[in-house]
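Novice: The following file, structure_3.txt, comprises compact mmCIF, C-alpha atoms:
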```txt
# COMPACT_ATOMS: atom_id res chain seq x y z
CA MET A 1 -152.50 67.04 47.75
CA ARG A 2 -152.13 65.49 44.29
CA LYS A 3 -151.01 62.18 45.78
CA LEU A 4 -154.06 62.12 48.05
CA ALA A 5 -156.42 62.87 45.14
CA THR A 6 -154.75 60.19 43.01
CA ALA A 7 -155.07 57.65 45.84
CA VAL A 8 -158.76 58.48 46.33
CA VAL A 9 -159.48 58.13 42.60
CA ALA A 10 -157.55 54.84 42.40
CA ALA A 11 -159.38 53.44 45.44
CA GLY A 12 -162.74 54.49 43.97
CA LEU A 13 -161.99 52.78 40.67
CA PHE A 14 -160.77 49.65 42.46
CA PHE A 15 -163.81 49.30 44.72
CA GLY A 16 -166.22 50.31 41.93
CA GLY A 17 -164.77 47.60 39.69
CA MET A 18 -164.99 45.11 42.53
CA GLY A 19 -168.72 45.89 42.89
CA VAL A 20 -169.30 45.26 39.19
CA ALA A 21 -167.44 41.96 39.36
CA VAL A 22 -169.53 40.81 42.31
CA ALA A 23 -172.77 41.83 40.56
CA ASN A 24 -171.88 39.89 37.41
CA SER A 25 -170.90 36.73 39.28
CA SER A 26 -173.93 36.51 41.56
CA TRP A 27 -176.08 33.40 41.68
CA HIS A 28 -179.54 33.46 40.07
CA LYS A 29 -182.50 31.21 40.84
CA LEU A 30 -183.29 28.50 38.30
CA VAL A 31 -186.50 26.47 38.17
CA MET A 32 -187.42 24.18 35.27
CA GLU A 33 -190.38 21.86 35.65
CA THR A 34 -192.97 19.87 33.81
CA PRO A 35 -195.27 17.12 35.15
CA GLY A 36 -193.04 14.35 36.47
CA VAL A 37 -189.69 16.18 36.59
CA ALA A 38 -188.26 19.35 38.11
CA PHE A 39 -184.88 20.99 38.41
CA VAL A 40 -184.59 23.54 41.21
CA GLY A 41 -181.33 25.35 41.82
CA THR A 42 -179.13 28.30 40.96
CA TYR A 43 -176.77 29.32 38.17
CA GLN A 44 -174.06 31.86 37.43
CA TRP A 45 -171.69 32.66 34.60
CA GLN A 46 -168.13 32.09 35.77
CA SER A 47 -165.46 34.70 35.20
CA THR A 48 -163.15 34.19 32.23
CA SER A 49 -160.28 34.09 34.73
CA LYS A 50 -161.63 30.74 36.00
CA VAL A 51 -160.91 27.54 34.12
CA PRO A 52 -163.29 26.29 32.82
CA SER A 53 -165.24 29.47 32.18
CA GLY A 54 -168.86 28.59 31.56
CA LEU A 55 -172.31 28.31 33.06
CA HIS A 56 -172.09 26.91 36.60
CA VAL A 57 -175.30 25.17 37.68
CA LYS A 58 -176.07 23.87 41.17
CA GLY A 59 -179.31 22.30 42.28
CA GLU A 60 -181.45 19.21 42.51
CA LEU A 61 -182.90 17.13 39.69
CA ARG A 62 -186.12 15.60 41.02
CA ASP A 63 -188.28 12.71 39.89
CA GLU A 64 -191.67 14.20 40.81
CA ASP A 65 -193.78 11.14 39.92
CA ASN A 66 -192.43 8.03 41.64
CA ASN A 67 -195.12 5.75 40.22
CA ASP A 68 -194.72 6.47 36.48
CA GLY A 69 -191.78 4.09 35.96
CA HIS A 70 -189.72 6.68 34.04
CA ASN A 71 -186.28 8.12 34.66
CA VAL A 72 -185.47 11.85 34.50
CA TYR A 73 -182.55 13.76 33.02
CA LEU A 74 -181.21 17.26 32.46
CA ARG A 75 -180.65 17.93 28.76
CA THR A 76 -177.96 20.50 27.94
CA LYS A 77 -176.36 21.96 24.83
CA VAL A 78 -173.28 24.15 24.76
CA GLU A 79 -173.04 26.32 21.65
CA GLY A 80 -171.37 24.34 18.86
CA TYR A 81 -171.75 20.90 20.48
CA ALA A 82 -174.37 18.14 20.46
CA TRP A 83 -177.01 17.76 23.17
CA GLY A 84 -175.76 16.10 26.34
CA HIS A 85 -177.52 14.46 29.30
CA LEU A 86 -177.12 14.47 33.06
CA THR A 87 -179.09 11.42 34.06
CA GLY A 88 -181.10 11.35 37.27
CA VAL A 89 -182.19 8.37 39.33
CA GLN A 90 -185.74 7.04 39.20
CA LYS A 91 -187.77 7.83 42.36
CA LYS A 92 -184.96 9.98 43.81
CA HIS A 93 -183.52 13.49 43.90
CA VAL A 94 -180.01 13.94 42.49
CA LYS A 95 -177.63 16.78 43.41
CA VAL A 96 -176.16 18.61 40.41
CA ASP A 97 -173.02 20.79 40.56
CA LYS A 98 -171.66 21.17 37.02
CA VAL A 99 -170.00 23.73 34.78
CA PHE A 100 -171.13 23.67 31.15
CA TYR A 101 -168.41 25.06 28.88
CA ASP A 102 -166.76 24.95 25.48
CA GLY A 103 -163.17 23.83 25.91
CA ALA A 104 -162.13 25.38 22.58
CA VAL A 105 -162.82 29.00 23.62
CA LEU A 106 -161.94 31.17 26.59
CA LYS A 107 -165.47 32.40 27.15
CA THR A 108 -168.54 30.19 26.61
CA LYS A 109 -171.38 32.41 25.42
CA LYS A 110 -174.54 30.27 25.08
CA VAL A 111 -175.96 27.24 26.88
CA ARG A 112 -179.40 25.66 26.34
CA MET A 113 -181.02 23.48 28.97
CA HIS A 114 -184.24 21.73 30.00
CA ALA A 115 -185.43 18.98 32.34
CA CYS A 116 -186.93 15.87 30.73
CA ILE A 117 -188.66 12.57 31.43
CA ASP A 118 -187.23 9.53 29.64
CA ARG A 119 -190.37 7.75 28.43
CA GLY A 120 -188.64 4.98 26.52
CA SER A 121 -187.99 4.35 22.85
CA LEU A 122 -191.58 4.23 21.56
CA ARG A 123 -192.88 7.49 23.04
CA PRO A 124 -191.14 10.85 22.79
CA ASP A 125 -189.58 12.26 25.93
CA HIS A 126 -191.49 15.01 27.70
CA CYS A 127 -189.41 18.12 28.52
CA SER A 128 -189.82 21.45 30.26
CA PRO A 129 -189.60 24.56 28.06
CA GLU A 130 -186.06 25.09 26.80
CA ARG A 131 -184.07 27.84 28.52
CA LEU A 132 -181.35 29.77 26.70
CA PHE A 133 -178.61 31.25 28.86
CA SER A 134 -176.53 33.92 27.08
CA ARG A 135 -173.49 35.63 28.51
CA LYS A 136 -173.54 39.40 28.12
```
Would you mind writing the file's structure down as C-alpha cells?
Specialist:
Amino acid sequence: MRKLATAVVAAGLFFGGMGVAVANSSWHKLVMETPGVAFVGTYQWQSTSKVPSGLHVKGELRDEDNNDGHNVYLRTKVEGYAWGHLTGVQKKHVKVDKVFYDGAVLKTKKVRMHACIDRGSLRPDHCSPERLFSRK
C-alpha cells in the first residue's frame, strides 16, 4: 500500500512539474508597429537547460510603406550590452527567428526591443514604443 501511495505521489509531482514547464515555455503573441514598419510574431523565454538560454523571437519584419524609400530594422538590447540591429529589406517582409541572450550568464533576464524605420543620417529614426521583456 505504501509503495502504491509513493508511486501516485511521485507521478503527481512529475506530471504537475511537467505542466508548469509547458506553461512557462509557451509562445506569446508579439506585435510592434508604427507607421511604415511592423513586426508581427511570437516570443518565448527559453529554458535555462537550452543553450543559449534567452528570449526566442519568431516572426516577420515588414516594410509597411513601400514608397517612402526607407529601410526597416528591429532594434534590440540585451541587458548589459549595446543596442543591436536586425536589418530588414526595403519593400519586403523578412522572416526573423533569433534568440537574444547574454553569453556571459546562464539565464538572460531582460531584453528590450522595438521596430524602427531607418530615415537616414539627417533625420532621426522613427520607432515603435519600446518593449521590455523580463524573465520571471
Novice: Nearest to Asp118 (chain A) among A:Gly59, A:Gly88, A:Gly80, A:Gly54, with distances taken over all atoms listed in the file: which residue is it?
Specialist: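 Closest candidate: A:Gly88.
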Novice: Have a look at A:Pro124, A:Gly36, A:Pro52, A:Gly41 and name the one nearest to Val99 (chain A); count all atoms listed in the file.
Specialist: A:Pro52
Novice: Taking into account all atoms listed in the file, which residue in the set A:Leu122, A:Leu74, A:Lys109, A:Asn67 is nearest to Gln90 (chain A)?
Specialist: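 Looking at the shortest contact to Gln90 (chain A), the residue is A:Asn67.
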Novice: Rank nothing, just name the residue among A:Met32, A:Leu86, A:Leu132, A:Cys127 nearest to Tyr73 (chain A), using all atoms listed in the file.
Specialist: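 Smallest separation from Tyr73 (chain A) among the options: A:Leu86.
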Novice: Which value, in Å to one decimal, gives the distance between CA of Glu130 (chain A) and CA of Ser26 (chain A)?
Specialist: 22.3 Å
Novice: Any idea what the distance is between CA of Phe100 (chain A) and CA of Asn71 (chain A)?
Specialist: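 These two atoms are separated by 22.0 Å.
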Novice: Just to confirm, what's the straight-line distance from CA of Val94 (chain A) to CA of Ala38 (chain A) in Å (one decimal)?
Specialist: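 For CA of Val94 (chain A) relative to CA of Ala38 (chain A), the distance reads 10.8 Å.
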Novice: Counting all atoms listed in the file, which residues have an atom no more than 10 Å from (-187.4, 22.1, 43.1) in the file's coordinates? Please list them as a list of chain:residue names.
Specialist: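 Collected hits near the coordinates: A:Leu30, A:Val31, A:Met32, A:Glu33, A:Val37, A:Ala38, A:Phe39, A:Val40, A:Gly41, A:Gly59, A:Glu60, A:Leu61, A:Arg62, A:Asp63, A:Glu64, A:His93.
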Novice: Limited to C-alpha atoms, could you put the picked residues into a file as a CSV table (one decimal), keeping the file's coordinate frame?
Specialist:
```csv
chain,number,residue,atom,x,y,z
A,30,LEU,CA,-183.3,28.5,38.3
A,31,VAL,CA,-186.5,26.5,38.2
A,32,MET,CA,-187.4,24.2,35.3
A,33,GLU,CA,-190.4,21.9,35.6
A,37,VAL,CA,-189.7,16.2,36.6
A,38,ALA,CA,-188.3,19.4,38.1
A,39,PHE,CA,-184.9,21.0,38.4
A,40,VAL,CA,-184.6,23.5,41.2
A,41,GLY,CA,-181.3,25.4,41.8
A,59,GLY,CA,-179.3,22.3,42.3
A,60,GLU,CA,-181.4,19.2,42.5
A,61,LEU,CA,-182.9,17.1,39.7
A,62,ARG,CA,-186.1,15.6,41.0
A,63,ASP,CA,-188.3,12.7,39.9
A,64,GLU,CA,-191.7,14.2,40.8
A,93,HIS,CA,-183.5,13.5,43.9
```
Novice: Under the rule that only C-alpha atoms are counted, which of A:Ala82, A:Val57, A:Val51, A:Val89 is the nearest residue to Ile117 (chain A)?
Specialist: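 Residue with the minimum atom-to-atom distance to Ile117 (chain A): A:Val89.
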